[in-house]
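Everything on this sheet refers to the single structure shown next.
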Amino acid sequence: MLLLFIPIGITVDLAEKIGRILENKAPFGDVAVYYMNFTVYFANLLFPLFLFLSVIWFTSKLANNTEIVAFLSSGVSFSRFLRPYIIGSTIVATFALFLGMYLAPIASQGFNEFKYKYLKKNKQIQKTRDVYRQINDNDYIYISSFLPKRNIGMNFTYEHFEGNELKYKIFADNIRYVEEDSSYRLTSYVKRSYNNGVETIETSRRQNMKMPFEIEDLAPVEYAAETKSYFELLNFIEAEKRRGSSNIGRYEVVKLKKWSLPLSIFILTIIAVAVSSIKRRGGMGVNLAFGIAIAMVYVFFDKIFGVMAEQSNFPAIIAVWFPNFIFGILAIYLLQNAKR
């Protein structure tokens, strides 16, 4: 099913984007790598659904040939009949877990970099207005705006606390990263220090200094979480929580889906076997139509709850696991009916 879909998906995507690719003069090598990443990226997202349709197709063929009736009439229990499907699902789920944990993030990095470099050149991929972040337990920064192409932040403020006491505060009209010595150049620099109630003011037209953060930390890209392996993602989320990021819901959804997608393979496999193991009037077409309808409902639930978690305070764990919970109940119900 994947091998059938991938060439069609690439053809449709290329037909849609060929104008922008030619207009922006994307090199052939970059386009080829993009579609390699495209294949892995979407295979990871659609793996459970294609397995679902594959199981329906295969099992419907058995049912139409009266093979399943022969199995069950010979004394084979439905649970024994289901066992090869569960073994196959375990193998596929293990591969899907490895794909989501390690390979898909690499593909996502290349996929998104190409998209924003050649296809969405003018689209903003970072939060660049009113950025306020906690760098660590003691340090906070603020910039009114950020220019990613020039790595410059405007109206920069840096606060250093010890406990609940503000020790010093730095102001600058702008901050620029200096790659040569990995320092930051602050223009119209002002530093206010506080010691036992005494305020000291230090000023400079231009000041170079080291800072405990990278310039990219000021405004991480929207798809940053998708490009990290699982353990990198855990560290990234913890750092973003300390910094007061507004995108924690988005990052949590990415993390939890790495586990929910492999589990959904088992749920969808059981549903597929249950609905297609009975010989129906209309044959395989009816089973496939029913399966596609279930797949569409599953995708609808997944997308709606995912957007809710990303755009609001809706708990990410509920958003990610609720579709599996609902379809898990459906799988149990359909399986009990199939056994009867």
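Letters for chains follow the order of the structure tokens (A, B, ...), residue numbers begin at 1 for each chain, and ligand numbers begin at 1 in the order shown.
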- [ ] List every residue of segment 121-298 of chain A that DSSP, applied to the backbone of this structure, places in strand (DSSP E or B), and write the result as a PyMOL selection string.
- [x] chain A and resi 126+129-134+139-147+152-162+165-178+183-195+198-209+221
Task: Sel. of alpha helix (DSSP H) residues, segment 47-131 of chain A, as number ranges by chain - done: A: 47-64, 67-73, 78-98, 104-114
Task: 9 Å contact set for Ile6 of chain A, only C-alpha atoms, chain neighbours under 3 positions out, as a PyMOL selection string - done: chain A and resi 1-3+9-11+39+42-43
Proximity check segment 266-311 of chain A to segment 56-78 of chain A, 7 Å, nearest pairs one decimal Å, only C-alpha atoms, as JSON lines:
{"residue": "A:Ala272", "atom": "CA", "partner": "A:Ile56", "partner_atom": "CA", "distance": 5.1}
{"residue": "A:Val273", "atom": "CA", "partner": "A:Thr59", "partner_atom": "CA", "distance": 6.5}
{"residue": "A:Ser276", "atom": "CA", "partner": "A:Ser60", "partner_atom": "CA", "distance": 5.1}
{"residue": "A:Ser277", "atom": "CA", "partner": "A:Ala63", "partner_atom": "CA", "distance": 5.6}
{"residue": "A:Ile278", "atom": "CA", "partner": "A:Ala63", "partner_atom": "CA", "distance": 5.9}
{"residue": "A:Lys279", "atom": "CA", "partner": "A:Ala63", "partner_atom": "CA", "distance": 5.0}
{"residue": "A:Gly283", "atom": "CA", "partner": "A:Asn64", "partner_atom": "CA", "distance": 6.4}
{"residue": "A:Met284", "atom": "CA", "partner": "A:Ser60", "partner_atom": "CA", "distance": 5.4}
{"residue": "A:Asn287", "atom": "CA", "partner": "A:Ile56", "partner_atom": "CA", "distance": 6.8}
{"residue": "A:Leu288", "atom": "CA", "partner": "A:Ile56", "partner_atom": "CA", "distance": 6.5}
How close does each residue of segment 89-184 of chain A get to segment 15-26 of chain A, giving the shortest atom pair and distance in Å to one decimal for every residue with an atom at most 10 Å away, counting only C-alpha atoms, sorted by chain and residue number, as JSON lines?
{"residue": "A:Phe114", "atom": "CA", "partner": "A:Ala26", "partner_atom": "CA", "distance": 8.9}
{"residue": "A:Lys115", "atom": "CA", "partner": "A:Ile21", "partner_atom": "CA", "distance": 9.8}
{"residue": "A:Lys117", "atom": "CA", "partner": "A:Asn24", "partner_atom": "CA", "distance": 8.9}
{"residue": "A:Tyr118", "atom": "CA", "partner": "A:Asn24", "partner_atom": "CA", "distance": 5.9}
{"residue": "A:Leu119", "atom": "CA", "partner": "A:Arg20", "partner_atom": "CA", "distance": 6.0}
{"residue": "A:Lys120", "atom": "CA", "partner": "A:Arg20", "partner_atom": "CA", "distance": 8.9}
{"residue": "A:Lys121", "atom": "CA", "partner": "A:Asn24", "partner_atom": "CA", "distance": 9.0}
Open item on the list: For segment 297-310 of chain A, find every residue with an atom within 8 Å (counting only C-alpha atoms), except residues of its own chain fewer than 3 positions away, and show them as number ranges by chain.
Closed with: A: 247-250, 253, 293-294, 313-316, 319-320, 323, 327
Dump of all heavy atoms for the selected residues, as a CSV table (one decimal), in the first residue's frame:
chain,number,residue,atom,x,y,z
A,247,ASN,N,4.8,27.5,23.3
A,247,ASN,CA,4.6,26.4,22.4
A,247,ASN,C,4.7,25.0,23.0
A,247,ASN,O,4.8,24.0,22.3
A,247,ASN,CB,5.6,26.5,21.2
A,247,ASN,CG,5.4,27.7,20.4
A,247,ASN,OD1,4.2,28.1,20.1
A,247,ASN,ND2,6.5,28.3,19.9
A,248,ILE,N,4.6,25.0,24.4
A,248,ILE,CA,4.7,23.7,25.1
A,248,ILE,C,3.7,22.7,24.6
A,248,ILE,O,4.0,21.5,24.5
A,248,ILE,CB,4.7,23.9,26.6
A,248,ILE,CG1,5.8,24.8,27.1
A,248,ILE,CG2,4.7,22.6,27.3
A,248,ILE,CD1,7.2,24.2,26.8
A,249,GLY,N,2.5,23.1,24.4
A,249,GLY,CA,1.4,22.2,24.0
A,249,GLY,C,1.8,21.5,22.6
A,249,GLY,O,1.6,20.3,22.5
A,250,ARG,N,2.3,22.3,21.7
A,250,ARG,CA,2.8,21.8,20.4
A,250,ARG,C,3.8,20.7,20.6
A,250,ARG,O,3.8,19.6,20.0
A,250,ARG,CB,3.3,22.9,19.5
A,250,ARG,CG,3.6,22.5,18.1
A,250,ARG,CD,4.4,23.6,17.4
A,250,ARG,NE,3.7,24.9,17.5
A,250,ARG,CZ,2.8,25.2,16.5
A,250,ARG,NH1,2.6,24.4,15.5
A,250,ARG,NH2,2.2,26.4,16.6
A,253,VAL,N,2.5,17.4,22.2
A,253,VAL,CA,1.8,16.6,21.2
A,253,VAL,C,2.8,15.8,20.3
A,253,VAL,O,2.6,14.6,20.1
A,253,VAL,CB,0.9,17.5,20.3
A,253,VAL,CG1,0.4,16.7,19.1
A,253,VAL,CG2,-0.2,18.1,21.1
A,293,ALA,N,-14.0,5.0,5.8
A,293,ALA,CA,-14.8,5.9,6.6
A,293,ALA,C,-14.3,6.0,8.0
A,293,ALA,O,-14.2,7.1,8.6
A,293,ALA,CB,-16.3,5.5,6.6
A,294,ILE,N,-13.9,4.8,8.6
A,294,ILE,CA,-13.4,4.8,9.9
A,294,ILE,C,-12.0,5.5,10.0
A,294,ILE,O,-11.8,6.3,10.9
A,294,ILE,CB,-13.2,3.3,10.4
A,294,ILE,CG1,-14.5,2.7,10.6
A,294,ILE,CG2,-12.3,3.2,11.7
A,294,ILE,CD1,-14.5,1.2,11.1
A,313,ASN,N,-4.9,25.7,26.1
A,313,ASN,CA,-4.4,25.0,27.3
A,313,ASN,C,-5.0,23.6,27.4
A,313,ASN,O,-4.9,23.0,28.5
A,313,ASN,CB,-4.7,25.8,28.6
A,313,ASN,CG,-4.0,27.1,28.6
A,313,ASN,OD1,-2.8,27.2,28.2
A,313,ASN,ND2,-4.6,28.2,29.1
A,314,PHE,N,-5.6,23.1,26.4
A,314,PHE,CA,-6.2,21.7,26.4
A,314,PHE,C,-5.1,20.7,26.6
A,314,PHE,O,-4.0,20.8,26.0
A,314,PHE,CB,-6.9,21.4,25.1
A,314,PHE,CG,-7.7,20.2,25.1
A,314,PHE,CD1,-9.0,20.2,25.7
A,314,PHE,CD2,-7.2,19.0,24.6
A,314,PHE,CE1,-9.8,19.1,25.7
A,314,PHE,CE2,-8.0,17.9,24.6
A,314,PHE,CZ,-9.3,17.9,25.2
A,315,PRO,N,-5.2,19.8,27.6
A,315,PRO,CA,-4.1,18.9,27.9
A,315,PRO,C,-3.7,18.1,26.7
A,315,PRO,O,-4.5,17.4,26.1
A,315,PRO,CB,-4.7,18.0,29.0
A,315,PRO,CG,-5.8,18.8,29.6
A,315,PRO,CD,-6.4,19.6,28.5
A,316,ALA,N,-2.4,18.1,26.5
A,316,ALA,CA,-1.8,17.3,25.3
A,316,ALA,C,-2.1,15.8,25.5
A,316,ALA,O,-2.3,15.1,24.5
A,316,ALA,CB,-0.3,17.6,25.1
A,319,ALA,N,-5.5,15.1,24.3
A,319,ALA,CA,-5.6,15.3,22.9
A,319,ALA,C,-5.0,14.1,22.1
A,319,ALA,O,-5.6,13.7,21.1
A,319,ALA,CB,-5.0,16.6,22.5
A,320,VAL,N,-3.9,13.6,22.5
A,320,VAL,CA,-3.2,12.6,21.7
A,320,VAL,C,-3.8,11.2,22.0
A,320,VAL,O,-4.0,10.4,21.0
A,320,VAL,CB,-1.7,12.6,22.1
A,320,VAL,CG1,-1.0,11.4,21.5
A,320,VAL,CG2,-1.1,13.9,21.7
A,323,PRO,N,-8.3,9.8,20.8
A,323,PRO,CA,-8.7,9.0,19.6
A,323,PRO,C,-8.4,7.5,19.8
A,323,PRO,O,-9.3,6.7,19.4
A,323,PRO,CB,-7.9,9.6,18.5
A,323,PRO,CG,-7.6,11.0,18.9
A,323,PRO,CD,-7.4,10.9,20.4
A,327,PHE,N,-11.3,4.6,19.8
A,327,PHE,CA,-11.2,3.5,18.8
A,327,PHE,C,-10.8,2.2,19.5
A,327,PHE,O,-11.1,1.2,18.9
A,327,PHE,CB,-10.3,3.9,17.7
A,327,PHE,CG,-10.9,4.8,16.7
A,327,PHE,CD1,-11.0,6.2,16.9
A,327,PHE,CD2,-11.4,4.3,15.5
A,327,PHE,CE1,-11.6,7.0,16.0
A,327,PHE,CE2,-12.0,5.2,14.6
A,327,PHE,CZ,-12.1,6.5,14.8
Once you count only C-alpha atoms, what closest atom pair and distance in Å to one decimal does each residue of segment 79-115 of chain A within 12 Å of segment 335-340 of chain A have, with rows by chain and rising residue number, as a tab-separated table?
residue	atom	partner	partner_atom	distance
A:Ser79	CA	A:Lys339	CA	8.2
A:Arg80	CA	A:Lys339	CA	11.1
A:Phe81	CA	A:Lys339	CA	10.4
A:Leu82	CA	A:Leu335	CA	10.0
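Excluding segment 225-228 of chain A and any residue on its chain fewer than 5 positions from it, the residues at most 8 Å away by only C-alpha atoms are Tyr102, Ala104, Pro105, Ile106, Ala107, Ser108, Gln109, Leu233, Phe236, Tyr251 and Val254 of chain A.
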Generate a file of the selected residues that holds N, CA and C atoms, formatted as a PDB file, in the first residue's frame.
ATOM      1  N   TYR A 102      13.652   8.152  15.705  1.00  0.00           N
ATOM      2  CA  TYR A 102      14.981   8.519  15.202  1.00  0.00           C
ATOM      3  C   TYR A 102      15.014   8.926  13.724  1.00  0.00           C
ATOM      4  N   ALA A 104      12.321   9.657  11.439  1.00  0.00           N
ATOM      5  CA  ALA A 104      11.393  10.717  11.041  1.00  0.00           C
ATOM      6  C   ALA A 104      11.889  12.117  11.421  1.00  0.00           C
ATOM      7  N   PRO A 105      12.509  12.324  12.603  1.00  0.00           N
ATOM      8  CA  PRO A 105      13.032  13.672  12.905  1.00  0.00           C
ATOM      9  C   PRO A 105      14.075  14.155  11.898  1.00  0.00           C
ATOM     10  N   ILE A 106      14.941  13.238  11.436  1.00  0.00           N
ATOM     11  CA  ILE A 106      15.941  13.619  10.438  1.00  0.00           C
ATOM     12  C   ILE A 106      15.254  14.030   9.141  1.00  0.00           C
ATOM     13  N   ALA A 107      14.258  13.233   8.720  1.00  0.00           N
ATOM     14  CA  ALA A 107      13.522  13.560   7.500  1.00  0.00           C
ATOM     15  C   ALA A 107      12.739  14.861   7.661  1.00  0.00           C
ATOM     16  N   SER A 108      12.168  15.075   8.845  1.00  0.00           N
ATOM     17  CA  SER A 108      11.407  16.299   9.092  1.00  0.00           C
ATOM     18  C   SER A 108      12.281  17.540   8.980  1.00  0.00           C
ATOM     19  N   GLN A 109      13.534  17.432   9.449  1.00  0.00           N
ATOM     20  CA  GLN A 109      14.471  18.564   9.358  1.00  0.00           C
ATOM     21  C   GLN A 109      14.679  18.961   7.893  1.00  0.00           C
ATOM     22  N   LEU A 233      14.288  15.537  22.371  1.00  0.00           N
ATOM     23  CA  LEU A 233      13.018  16.233  22.537  1.00  0.00           C
ATOM     24  C   LEU A 233      12.667  16.407  24.010  1.00  0.00           C
ATOM     25  N   PHE A 236      14.721  19.197  25.268  1.00  0.00           N
ATOM     26  CA  PHE A 236      14.260  20.433  24.645  1.00  0.00           C
ATOM     27  C   PHE A 236      12.996  20.956  25.329  1.00  0.00           C
ATOM     28  N   TYR A 251       4.821  21.016  21.478  1.00  0.00           N
ATOM     29  CA  TYR A 251       5.941  20.104  21.687  1.00  0.00           C
ATOM     30  C   TYR A 251       5.497  18.816  22.383  1.00  0.00           C
ATOM     31  N   VAL A 254       3.882  16.424  19.901  1.00  0.00           N
ATOM     32  CA  VAL A 254       4.893  15.714  19.109  1.00  0.00           C
ATOM     33  C   VAL A 254       5.490  14.558  19.915  1.00  0.00           C
TER      34      VAL A 254
END
Open item on the list: So that I can check the surroundings of Phe98 of chain A, please list as a PyMOL selection string every protein, DNA and RNA residue that reaches within 12 Å of it, counting only C-alpha atoms and ignoring chain neighbours fewer than 3 positions away.
Closed with: chain A and resi 44+91-95+101-105+229-230+258-259+261-262
For the residues in the current selection, export C-alpha atoms as a PDB file, in the first residue's frame.
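Full text of result12.pdb as output:
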ATOM      1  CA  ASN A  44       5.599   7.900   9.393  1.00  0.00           C
ATOM      2  CA  ILE A  91       6.766  -6.176  13.997  1.00  0.00           C
ATOM      3  CA  VAL A  92       5.291  -3.180  12.174  1.00  0.00           C
ATOM      4  CA  ALA A  93       4.745  -1.218  15.424  1.00  0.00           C
ATOM      5  CA  THR A  94       8.373  -1.818  16.458  1.00  0.00           C
ATOM      6  CA  PHE A  95       9.558  -0.463  13.134  1.00  0.00           C
ATOM      7  CA  MET A 101      11.931   8.146  17.439  1.00  0.00           C
ATOM      8  CA  TYR A 102      14.981   8.519  15.202  1.00  0.00           C
ATOM      9  CA  LEU A 103      14.463   8.473  11.405  1.00  0.00           C
ATOM     10  CA  ALA A 104      11.393  10.717  11.041  1.00  0.00           C
ATOM     11  CA  PRO A 105      13.032  13.672  12.905  1.00  0.00           C
ATOM     12  CA  SER A 229      15.024  12.458  18.414  1.00  0.00           C
ATOM     13  CA  TYR A 230      13.041  11.345  21.443  1.00  0.00           C
ATOM     14  CA  LYS A 258       5.779   9.005  19.112  1.00  0.00           C
ATOM     15  CA  TRP A 259       4.124   6.489  21.460  1.00  0.00           C
ATOM     16  CA  LEU A 261       1.090   5.998  16.690  1.00  0.00           C
ATOM     17  CA  PRO A 262       2.619   2.534  17.314  1.00  0.00           C
TER      18      PRO A 262
END
Open item on the list: Just want the 7 Å neighbourhood of segment 145-160 of chain A, counted on only C-alpha atoms, with same-chain residues fewer than 4 positions away dropped. Output as a list in words.
Closed with: Thr128, Arg129, Asp130, Asn138, Asp139, Tyr140, Ile141, Leu166, Lys167, Tyr168, Lys169, Ile170, Phe171, Ala172, Asp173, Asn174, Ile175, Arg176, Tyr177 and Ile215 of chain A
Write the residues of the preceding selection, restricted to C-alpha atoms, as a PDB file, in the first residue's frame.
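New file result_30.pdb:
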ATOM      1  CA  THR A 128       9.536  37.286  16.395  1.00  0.00           C
ATOM      2  CA  ARG A 129       7.427  39.771  18.368  1.00  0.00           C
ATOM      3  CA  ASP A 130       7.476  40.369  22.136  1.00  0.00           C
ATOM      4  CA  ASN A 138      18.284  32.937  37.389  1.00  0.00           C
ATOM      5  CA  ASP A 139      18.223  34.662  34.007  1.00  0.00           C
ATOM      6  CA  TYR A 140      15.422  36.166  31.915  1.00  0.00           C
ATOM      7  CA  ILE A 141      15.505  37.931  28.553  1.00  0.00           C
ATOM      8  CA  LEU A 166      17.281  41.305  41.217  1.00  0.00           C
ATOM      9  CA  LYS A 167      21.076  41.716  41.059  1.00  0.00           C
ATOM     10  CA  TYR A 168      21.451  43.490  37.728  1.00  0.00           C
ATOM     11  CA  LYS A 169      19.531  44.409  34.620  1.00  0.00           C
ATOM     12  CA  ILE A 170      20.927  45.087  31.147  1.00  0.00           C
ATOM     13  CA  PHE A 171      19.257  47.189  28.457  1.00  0.00           C
ATOM     14  CA  ALA A 172      20.264  47.621  24.798  1.00  0.00           C
ATOM     15  CA  ASP A 173      18.664  49.045  21.664  1.00  0.00           C
ATOM     16  CA  ASN A 174      19.666  45.863  19.832  1.00  0.00           C
ATOM     17  CA  ILE A 175      21.657  42.661  20.277  1.00  0.00           C
ATOM     18  CA  ARG A 176      23.625  40.956  17.494  1.00  0.00           C
ATOM     19  CA  TYR A 177      25.455  37.613  17.557  1.00  0.00           C
ATOM     20  CA  ILE A 215      20.858  33.486  19.354  1.00  0.00           C
TER      21      ILE A 215
END
Task: Computed interatomic separation between atom CA of Val55 of chain A and atom CA of Leu99 of chain A (Å) - done: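 Interatomic distance here is 20.7 Å.
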Open item on the list: Using only C-alpha atoms for the distances, tell me which of A:Leu45, A:Phe111, A:Asn195, A:Val131 is nearest to Val33 of chain A.
Closed with: A:Phe111
TODO: Between atom CA of Ser144 of chain A and atom CA of Tyr132 of chain A, measure the distance and give it in Å to one decimal.
DONE: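 Atom-to-atom, atom CA of Ser144 of chain A and atom CA of Tyr132 of chain A are spaced 8.6 Å apart.
Atom pair atom CA of Leu4 of chain A / atom CA of Asn324 of chain A: separated by 26.5 Å.
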Open item on the list: With distances taken over only C-alpha atoms, which residue among A:Phe5, A:Val40, A:Glu113, A:Gly285 lies nearest Gly100 of chain A?
Closed with: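 Result for the nearest residue to Gly100 of chain A: A:Val40.
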